[in-house]
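S.K.: Provided herewith: query38.pdb, PDB, C-alpha atoms, pLDDT in the B column.
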```pdb
ATOM      1  CA  MET S   1     -56.510 -12.473  -2.968  1.00 73.00           C
ATOM      2  CA  ASP S   2     -53.184 -13.752  -4.243  1.00 89.00           C
ATOM      3  CA  ARG S   3     -53.511 -17.434  -3.394  1.00 95.00           C
ATOM      4  CA  PHE S   4     -54.717 -20.321  -5.506  1.00 97.00           C
ATOM      5  CA  LEU S   5     -57.791 -21.581  -3.654  1.00 97.00           C
ATOM      6  CA  SER S   6     -60.693 -23.930  -4.352  1.00 96.00           C
ATOM      7  CA  ASN S   7     -61.073 -26.356  -7.235  1.00 96.00           C
ATOM      8  CA  SER S   8     -62.944 -26.779 -10.487  1.00 97.00           C
ATOM      9  CA  VAL S   9     -63.179 -29.097 -13.472  1.00 98.00           C
ATOM     10  CA  ASN S  10     -63.057 -27.890 -17.077  1.00 98.00           C
ATOM     11  CA  ARG S  11     -63.380 -29.775 -20.368  1.00 98.00           C
ATOM     12  CA  ILE S  12     -60.559 -29.993 -22.884  1.00 98.00           C
ATOM     13  CA  ASP S  13     -61.556 -28.669 -26.316  1.00 97.00           C
ATOM     14  CA  ALA S  14     -60.982 -30.340 -29.693  1.00 96.00           C
ATOM     15  CA  LYS S  15     -57.584 -28.617 -30.021  1.00 96.00           C
ATOM     16  CA  GLY S  16     -56.355 -29.981 -26.672  1.00 96.00           C
ATOM     17  CA  ARG S  17     -56.806 -26.731 -24.751  1.00 98.00           C
ATOM     18  CA  VAL S  18     -58.487 -26.160 -21.414  1.00 98.00           C
ATOM     19  CA  SER S  19     -59.539 -22.920 -19.751  1.00 98.00           C
ATOM     20  CA  VAL S  20     -57.714 -22.141 -16.549  1.00 97.00           C
ATOM     21  CA  PRO S  21     -60.340 -21.135 -13.956  1.00 98.00           C
ATOM     22  CA  ALA S  22     -60.948 -17.375 -13.872  1.00 96.00           C
ATOM     23  CA  HIS S  23     -59.940 -17.012 -10.222  1.00 96.00           C
ATOM     24  CA  PHE S  24     -56.635 -18.808 -10.959  1.00 97.00           C
ATOM     25  CA  ARG S  25     -56.017 -16.517 -13.948  1.00 96.00           C
ATOM     26  CA  THR S  26     -56.547 -13.528 -11.646  1.00 96.00           C
ATOM     27  CA  VAL S  27     -53.811 -14.811  -9.317  1.00 96.00           C
ATOM     28  CA  VAL S  28     -51.521 -15.506 -12.300  1.00 96.00           C
ATOM     29  CA  GLN S  29     -52.046 -11.940 -13.506  1.00 94.00           C
ATOM     30  CA  ARG S  30     -51.516 -10.385 -10.055  1.00 95.00           C
ATOM     31  CA  ARG S  31     -48.280 -12.305  -9.666  1.00 94.00           C
ATOM     32  CA  GLY S  32     -47.104 -11.228 -13.108  1.00 92.00           C
ATOM     33  CA  TYR S  33     -46.492 -14.729 -14.439  1.00 92.00           C
ATOM     34  CA  ALA S  34     -45.727 -14.602 -18.173  1.00 83.00           C
ATOM     35  CA  GLU S  35     -45.647 -18.402 -18.341  1.00 86.00           C
ATOM     36  CA  LEU S  36     -46.599 -21.248 -16.090  1.00 95.00           C
ATOM     37  CA  TYR S  37     -44.263 -24.092 -15.239  1.00 95.00           C
ATOM     38  CA  ALA S  38     -45.607 -27.565 -14.492  1.00 96.00           C
ATOM     39  CA  LEU S  39     -43.643 -30.177 -12.532  1.00 95.00           C
ATOM     40  CA  ARG S  40     -44.637 -33.794 -12.101  1.00 95.00           C
ATOM     41  CA  CYS S  41     -45.498 -34.638  -8.513  1.00 95.00           C
ATOM     42  CA  LEU S  42     -43.276 -37.417  -7.234  1.00 92.00           C
ATOM     43  CA  ASP S  43     -45.866 -39.459  -5.359  1.00 94.00           C
ATOM     44  CA  ILE S  44     -49.235 -38.627  -6.907  1.00 97.00           C
ATOM     45  CA  PRO S  45     -50.570 -38.459 -10.485  1.00 97.00           C
ATOM     46  CA  ALA S  46     -50.755 -34.670 -10.581  1.00 98.00           C
ATOM     47  CA  MET S  47     -48.743 -31.697 -11.814  1.00 98.00           C
ATOM     48  CA  ASP S  48     -47.684 -28.786  -9.621  1.00 97.00           C
ATOM     49  CA  VAL S  49     -48.140 -25.578 -11.624  1.00 97.00           C
ATOM     50  CA  GLY S  50     -46.868 -22.110 -10.846  1.00 96.00           C
ATOM     51  CA  GLY S  51     -44.563 -19.332 -11.912  1.00 94.00           C
ATOM     52  CA  LEU S  52     -40.832 -19.070 -11.606  1.00 90.00           C
ATOM     53  CA  ASP S  53     -41.253 -18.724  -7.837  1.00 91.00           C
ATOM     54  CA  LEU S  54     -42.190 -22.425  -7.827  1.00 92.00           C
ATOM     55  CA  LEU S  55     -38.787 -23.195  -9.355  1.00 90.00           C
ATOM     56  CA  ASP S  56     -37.136 -20.793  -6.920  1.00 92.00           C
ATOM     57  CA  ARG S  57     -38.443 -22.887  -3.992  1.00 91.00           C
ATOM     58  CA  TYR S  58     -36.861 -26.034  -5.409  1.00 90.00           C
ATOM     59  CA  GLU S  59     -33.616 -24.293  -6.345  1.00 92.00           C
ATOM     60  CA  GLN S  60     -33.265 -23.002  -2.771  1.00 94.00           C
ATOM     61  CA  ARG S  61     -33.459 -26.614  -1.574  1.00 93.00           C
ATOM     62  CA  ILE S  62     -30.918 -27.762  -4.171  1.00 93.00           C
ATOM     63  CA  ALA S  63     -28.514 -25.032  -3.004  1.00 94.00           C
ATOM     64  CA  GLN S  64     -28.549 -26.590   0.486  1.00 95.00           C
ATOM     65  CA  VAL S  65     -27.338 -29.971  -0.820  1.00 93.00           C
ATOM     66  CA  ASP S  66     -23.719 -30.907  -1.467  1.00 93.00           C
ATOM     67  CA  PRO S  67     -23.373 -30.447  -5.261  1.00 91.00           C
ATOM     68  CA  PHE S  68     -21.269 -33.611  -5.492  1.00 93.00           C
ATOM     69  CA  LEU S  69     -24.039 -35.829  -4.131  1.00 92.00           C
ATOM     70  CA  GLN S  70     -26.401 -37.744  -6.386  1.00 94.00           C
ATOM     71  CA  THR S  71     -29.264 -36.087  -4.512  1.00 93.00           C
ATOM     72  CA  ALA S  72     -28.311 -32.701  -5.984  1.00 93.00           C
ATOM     73  CA  ASP S  73     -28.301 -34.169  -9.496  1.00 94.00           C
ATOM     74  CA  ASP S  74     -31.633 -35.887  -8.896  1.00 94.00           C
ATOM     75  CA  MET S  75     -33.201 -32.717  -7.538  1.00 93.00           C
ATOM     76  CA  SER S  76     -31.896 -30.681 -10.480  1.00 93.00           C
ATOM     77  CA  PHE S  77     -33.261 -33.238 -12.941  1.00 93.00           C
ATOM     78  CA  PHE S  78     -36.618 -33.149 -11.188  1.00 91.00           C
ATOM     79  CA  CYS S  79     -37.087 -29.383 -11.173  1.00 91.00           C
ATOM     80  CA  HIS S  80     -35.199 -28.395 -14.326  1.00 91.00           C
ATOM     81  CA  GLY S  81     -35.698 -31.332 -16.661  1.00 90.00           C
ATOM     82  CA  ASP S  82     -38.846 -33.157 -15.559  1.00 89.00           C
ATOM     83  CA  GLY S  83     -41.345 -30.386 -16.171  1.00 91.00           C
ATOM     84  CA  THR S  84     -42.841 -28.346 -18.961  1.00 93.00           C
ATOM     85  CA  PHE S  85     -43.902 -24.782 -19.692  1.00 93.00           C
ATOM     86  CA  LEU S  86     -47.603 -24.113 -20.151  1.00 95.00           C
ATOM     87  CA  LYS S  87     -48.355 -20.897 -22.005  1.00 92.00           C
ATOM     88  CA  LEU S  88     -51.641 -19.126 -21.346  1.00 93.00           C
ATOM     89  CA  ASP S  89     -53.259 -17.882 -24.554  1.00 94.00           C
ATOM     90  CA  GLN S  90     -55.240 -14.622 -24.763  1.00 93.00           C
ATOM     91  CA  ASP S  91     -58.414 -16.486 -23.752  1.00 95.00           C
ATOM     92  CA  GLY S  92     -56.865 -17.973 -20.591  1.00 94.00           C
ATOM     93  CA  ARG S  93     -56.378 -21.471 -21.977  1.00 96.00           C
ATOM     94  CA  ILE S  94     -53.429 -23.821 -21.798  1.00 97.00           C
ATOM     95  CA  THR S  95     -52.683 -26.750 -24.065  1.00 96.00           C
ATOM     96  CA  VAL S  96     -52.501 -30.058 -22.213  1.00 97.00           C
ATOM     97  CA  PRO S  97     -49.448 -31.823 -23.709  1.00 96.00           C
ATOM     98  CA  ASP S  98     -48.886 -35.580 -23.819  1.00 95.00           C
ATOM     99  CA  PHE S  99     -46.224 -35.152 -21.101  1.00 94.00           C
ATOM    100  CA  VAL S 100     -48.931 -33.998 -18.687  1.00 96.00           C
ATOM    101  CA  ARG S 101     -51.545 -36.501 -19.875  1.00 97.00           C
ATOM    102  CA  GLU S 102     -49.200 -39.457 -19.430  1.00 96.00           C
ATOM    103  CA  HIS S 103     -48.345 -38.596 -15.840  1.00 96.00           C
ATOM    104  CA  THR S 104     -51.830 -37.588 -14.716  1.00 98.00           C
ATOM    105  CA  GLY S 105     -54.124 -39.803 -16.778  1.00 98.00           C
ATOM    106  CA  ILE S 106     -56.021 -36.714 -17.970  1.00 98.00           C
ATOM    107  CA  GLY S 107     -58.438 -37.451 -20.792  1.00 97.00           C
ATOM    108  CA  ALA S 108     -61.374 -35.170 -21.598  1.00 98.00           C
ATOM    109  CA  GLU S 109     -61.415 -33.045 -18.435  1.00 98.00           C
ATOM    110  CA  VAL S 110     -58.926 -31.338 -16.139  1.00 98.00           C
ATOM    111  CA  ALA S 111     -59.392 -30.748 -12.423  1.00 98.00           C
ATOM    112  CA  PHE S 112     -57.676 -27.615 -11.112  1.00 98.00           C
ATOM    113  CA  VAL S 113     -56.885 -27.562  -7.389  1.00 98.00           C
ATOM    114  CA  GLY S 114     -55.585 -24.569  -5.468  1.00 97.00           C
ATOM    115  CA  ARG S 115     -52.611 -25.211  -3.217  1.00 97.00           C
ATOM    116  CA  GLY S 116     -51.910 -21.713  -1.943  1.00 96.00           C
ATOM    117  CA  HIS S 117     -48.810 -20.475  -3.776  1.00 94.00           C
ATOM    118  CA  PHE S 118     -49.283 -22.899  -6.676  1.00 96.00           C
ATOM    119  CA  PHE S 119     -52.017 -25.094  -8.100  1.00 98.00           C
ATOM    120  CA  GLN S 120     -52.276 -28.646  -9.325  1.00 98.00           C
ATOM    121  CA  ILE S 121     -53.886 -30.260 -12.333  1.00 98.00           C
ATOM    122  CA  TRP S 122     -55.408 -33.720 -12.038  1.00 98.00           C
ATOM    123  CA  GLU S 123     -57.604 -36.211 -13.817  1.00 98.00           C
ATOM    124  CA  PRO S 124     -60.926 -35.591 -12.010  1.00 98.00           C
ATOM    125  CA  GLY S 125     -61.534 -39.205 -10.906  1.00 98.00           C
ATOM    126  CA  ARG S 126     -58.033 -39.530  -9.495  1.00 98.00           C
ATOM    127  CA  LEU S 127     -58.464 -36.234  -7.651  1.00 98.00           C
ATOM    128  CA  SER S 128     -61.718 -37.440  -6.147  1.00 97.00           C
ATOM    129  CA  ALA S 129     -60.067 -40.628  -4.885  1.00 97.00           C
ATOM    130  CA  TYR S 130     -57.080 -38.704  -3.525  1.00 97.00           C
ATOM    131  CA  GLY S 131     -59.382 -36.227  -1.769  1.00 96.00           C
ATOM    132  CA  ALA S 132     -61.253 -39.064  -0.074  1.00 96.00           C
ATOM    133  CA  GLU S 133     -57.954 -40.604   1.078  1.00 95.00           C
ATOM    134  CA  ALA S 134     -56.655 -37.262   2.376  1.00 95.00           C
ATOM    135  CA  ARG S 135     -59.862 -36.604   4.315  1.00 94.00           C
ATOM    136  CA  ALA S 136     -59.740 -40.131   5.765  1.00 93.00           C
ATOM    137  CA  ARG S 137     -56.139 -39.608   6.926  1.00 92.00           C
ATOM    138  CA  LEU S 138     -57.068 -36.298   8.547  1.00 92.00           C
ATOM    139  CA  LEU S 139     -60.173 -37.766  10.164  1.00 92.00           C
ATOM    140  CA  LYS S 140     -58.076 -40.568  11.624  1.00 89.00           C
ATOM    141  CA  LEU S 141     -55.724 -37.986  13.085  1.00 88.00           C
ATOM    142  CA  ARG S 142     -58.606 -36.039  14.542  1.00 88.00           C
ATOM    143  CA  GLN S 143     -60.279 -39.087  16.041  1.00 88.00           C
ATOM    144  CA  GLY S 144     -57.583 -40.405  18.189  1.00 82.00           C
ATOM    145  CA  THR S 145     -54.010 -40.001  17.291  1.00 62.00           C
ATOM    146  CA  LYS S 146     -52.230 -38.639  20.289  1.00 59.00           C
ATOM    147  CA  PRO S 147     -49.900 -35.698  19.804  1.00 57.00           C
ATOM    148  CA  GLY S 148     -46.554 -36.973  18.553  1.00 58.00           C
ATOM    149  CA  GLU S 149     -47.939 -40.334  17.401  1.00 63.00           C
ATOM    150  CA  ARG S 150     -47.626 -41.167  13.784  1.00 64.00           C
ATOM    151  CA  PRO S 151     -50.785 -42.339  11.997  1.00 54.00           C
ATOM    152  CA  GLU S 152     -50.620 -45.395   9.780  1.00 58.00           C
TER     153      GLU S 152
END
```
Will you turn the file into structure tokens for me?
M.R.:
Amino acid sequence: MDRFLSNSVNRIDAKGRVSVPAHFRTVVQRRGYAELYALRCLDIPAMDVGGLDLLDRYEQRIAQVDPFLQTADDMSFFCHGDGTFLKLDQDGRITVPDFVREHTGIGAEVAFVGRGHFFQIWEPGRLSAYGAEARARLLKLRQGTKPGERPE
């Protein structure tokens, strides 16, 4: 399996480190990631975390935009300057820096959520609320939105 799947919550230790779930570490190892890169999500209090292939996805999008447009500058700032590296130690832990804590609201625990080719880190309560909202949106779609209609 080379996808980040499932979710779990781990406690942050006294030194500000948290263990990345074992199944996520297995994917990291299989993909050969030496470091992880974390980007702030634009619309939710979470961080997208992955290897350099995560940056590659964003850089491919930037390459499609006219370099003289503000959009190209904004996208470059977002993916190159509005993130942070997270180094895995020999025990599979990462340090949770203030940069991440401020955006996510993470305190004593970190929720890890698989998103296929990358994973996210969340404050557990915020993840729970987001999950409920996402399921409600999907349920609304399933219960009556006609094909092509846009749900509220």
S.K.: Quick one: everything within 12 Å of Cys79 (chain S), counting all atoms listed in the file, minus sequence neighbours fewer than 3 positions away in the same chain. Send it as number ranges by chain.
M.R.: S: 37-42, 47-49, 52-62, 72-76, 82-85
S.K.: Please, what distance in Å, to one decimal, runs between CA of Val96 (chain S) and CA of Gly16 (chain S)?
M.R.: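 So the answer is 5.9 Å.
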S.K.: If you measure from CA of Arg11 (chain S) to CA of Ala108 (chain S), what distance in Å do you get, rounded to one decimal?
M.R.: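 CA of Ala108 (chain S) lies 5.9 Å from CA of Arg11 (chain S).
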S.K.: For Phe118 (chain S), which residue out of S:Gly50, S:Ser19, S:Arg101, S:Pro45 is the nearest one, using all atoms listed in the file?
M.R.: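 Closest to Phe118 (chain S), using all atoms listed in the file: S:Gly50.
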S.K.: In Å, rounded to a single decimal, give me how far CA of Leu88 (chain S) is from CA of Gly32 (chain S).
M.R.: 12.3 Å
S.K.: Might you pull out every residue within 12 Å of Ala129 (chain S), with only C-alpha atoms counted and same-chain residues fewer than 6 positions away left off, and present them as a PyMOL selection string?
M.R.: chain S and resi 44-45+122-123+135-136
S.K.: Around (-60.9, -25.9, -4.7) in the file's frame, which residues reach within 9 Å when counting only C-alpha atoms? Return as a count of residues only?
M.R.: 9
S.K.: Given the choices S:Glu102, S:Arg93, S:Val18, S:His117, which gets closest to Arg31 (chain S) if the distance is worked out from all atoms listed in the file?
M.R.: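 Nearest candidate to Arg31 (chain S) out of S:Glu102, S:Arg93, S:Val18, S:His117: S:His117.
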S.K.: Could you give me, as a VMD selection string, the residues that sit within 8 Å of (-64.5, -32.6, -19.5) in the file's coordinates, counting only C-alpha atoms?
M.R.: chain S and resid 9 to 12 107 to 110
S.K.: So, with all atoms listed in the file as the atoms that count, which of S:Asp66, S:Asp89, S:Asp2, S:Asp13 lies closest to Leu36 (chain S)?
M.R.: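 The closest residue to Leu36 (chain S) is S:Asp89.
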S.K.: So, with only C-alpha atoms as the atoms that count, which of S:Tyr33, S:Met1, S:Lys15, S:Arg126 lies closest to Lys87 (chain S)?
M.R.: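 Checking each of S:Tyr33, S:Met1, S:Lys15, S:Arg126 against Lys87 (chain S), counting only C-alpha atoms, the winner is S:Tyr33.
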S.K.: Please rebuild region 68-80 of chain S with N, CA, C and O atoms and give the result as a short mmCIF file (atom, residue, chain, number, x, y, z; two decimals), in the frame of the given file.
M.R.:
```cif
data_model
loop_
_atom_site.label_atom_id
_atom_site.label_comp_id
_atom_site.auth_asym_id
_atom_site.auth_seq_id
_atom_site.Cartn_x
_atom_site.Cartn_y
_atom_site.Cartn_z
N PHE S 68 -21.90 -32.39 -5.03
CA PHE S 68 -21.27 -33.61 -5.49
C PHE S 68 -22.08 -34.86 -5.17
O PHE S 68 -21.70 -35.96 -5.54
N LEU S 69 -23.19 -34.69 -4.45
CA LEU S 69 -24.04 -35.83 -4.13
C LEU S 69 -25.03 -36.10 -5.25
O LEU S 69 -25.48 -35.19 -5.94
N GLN S 70 -25.39 -37.36 -5.39
CA GLN S 70 -26.40 -37.74 -6.39
C GLN S 70 -27.73 -37.03 -6.13
O GLN S 70 -28.46 -36.72 -7.07
N THR S 71 -28.01 -36.76 -4.87
CA THR S 71 -29.26 -36.09 -4.51
C THR S 71 -29.39 -34.74 -5.22
O THR S 71 -30.45 -34.38 -5.72
N ALA S 72 -28.29 -34.00 -5.30
CA ALA S 72 -28.31 -32.70 -5.98
C ALA S 72 -28.62 -32.88 -7.46
O ALA S 72 -29.42 -32.14 -8.03
N ASP S 73 -28.01 -33.89 -8.08
CA ASP S 73 -28.30 -34.17 -9.50
C ASP S 73 -29.75 -34.58 -9.68
O ASP S 73 -30.42 -34.15 -10.63
N ASP S 74 -30.24 -35.43 -8.79
CA ASP S 74 -31.63 -35.89 -8.90
C ASP S 74 -32.60 -34.72 -8.73
O ASP S 74 -33.59 -34.60 -9.48
N MET S 75 -32.32 -33.86 -7.77
CA MET S 75 -33.20 -32.72 -7.54
C MET S 75 -33.18 -31.76 -8.73
O MET S 75 -34.21 -31.22 -9.14
N SER S 76 -32.00 -31.54 -9.31
CA SER S 76 -31.90 -30.68 -10.48
C SER S 76 -32.66 -31.28 -11.66
O SER S 76 -33.38 -30.57 -12.37
N PHE S 77 -32.50 -32.59 -11.87
CA PHE S 77 -33.26 -33.24 -12.94
C PHE S 77 -34.76 -33.05 -12.73
O PHE S 77 -35.49 -32.70 -13.65
N PHE S 78 -35.19 -33.26 -11.50
CA PHE S 78 -36.62 -33.15 -11.19
C PHE S 78 -37.15 -31.76 -11.50
O PHE S 78 -38.16 -31.60 -12.18
N CYS S 79 -36.49 -30.72 -11.01
CA CYS S 79 -37.09 -29.38 -11.17
C CYS S 79 -36.71 -28.70 -12.48
O CYS S 79 -37.47 -27.86 -12.95
N HIS S 80 -35.60 -29.06 -13.09
CA HIS S 80 -35.20 -28.40 -14.33
C HIS S 80 -35.51 -29.21 -15.58
O HIS S 80 -35.72 -28.63 -16.65
#
```
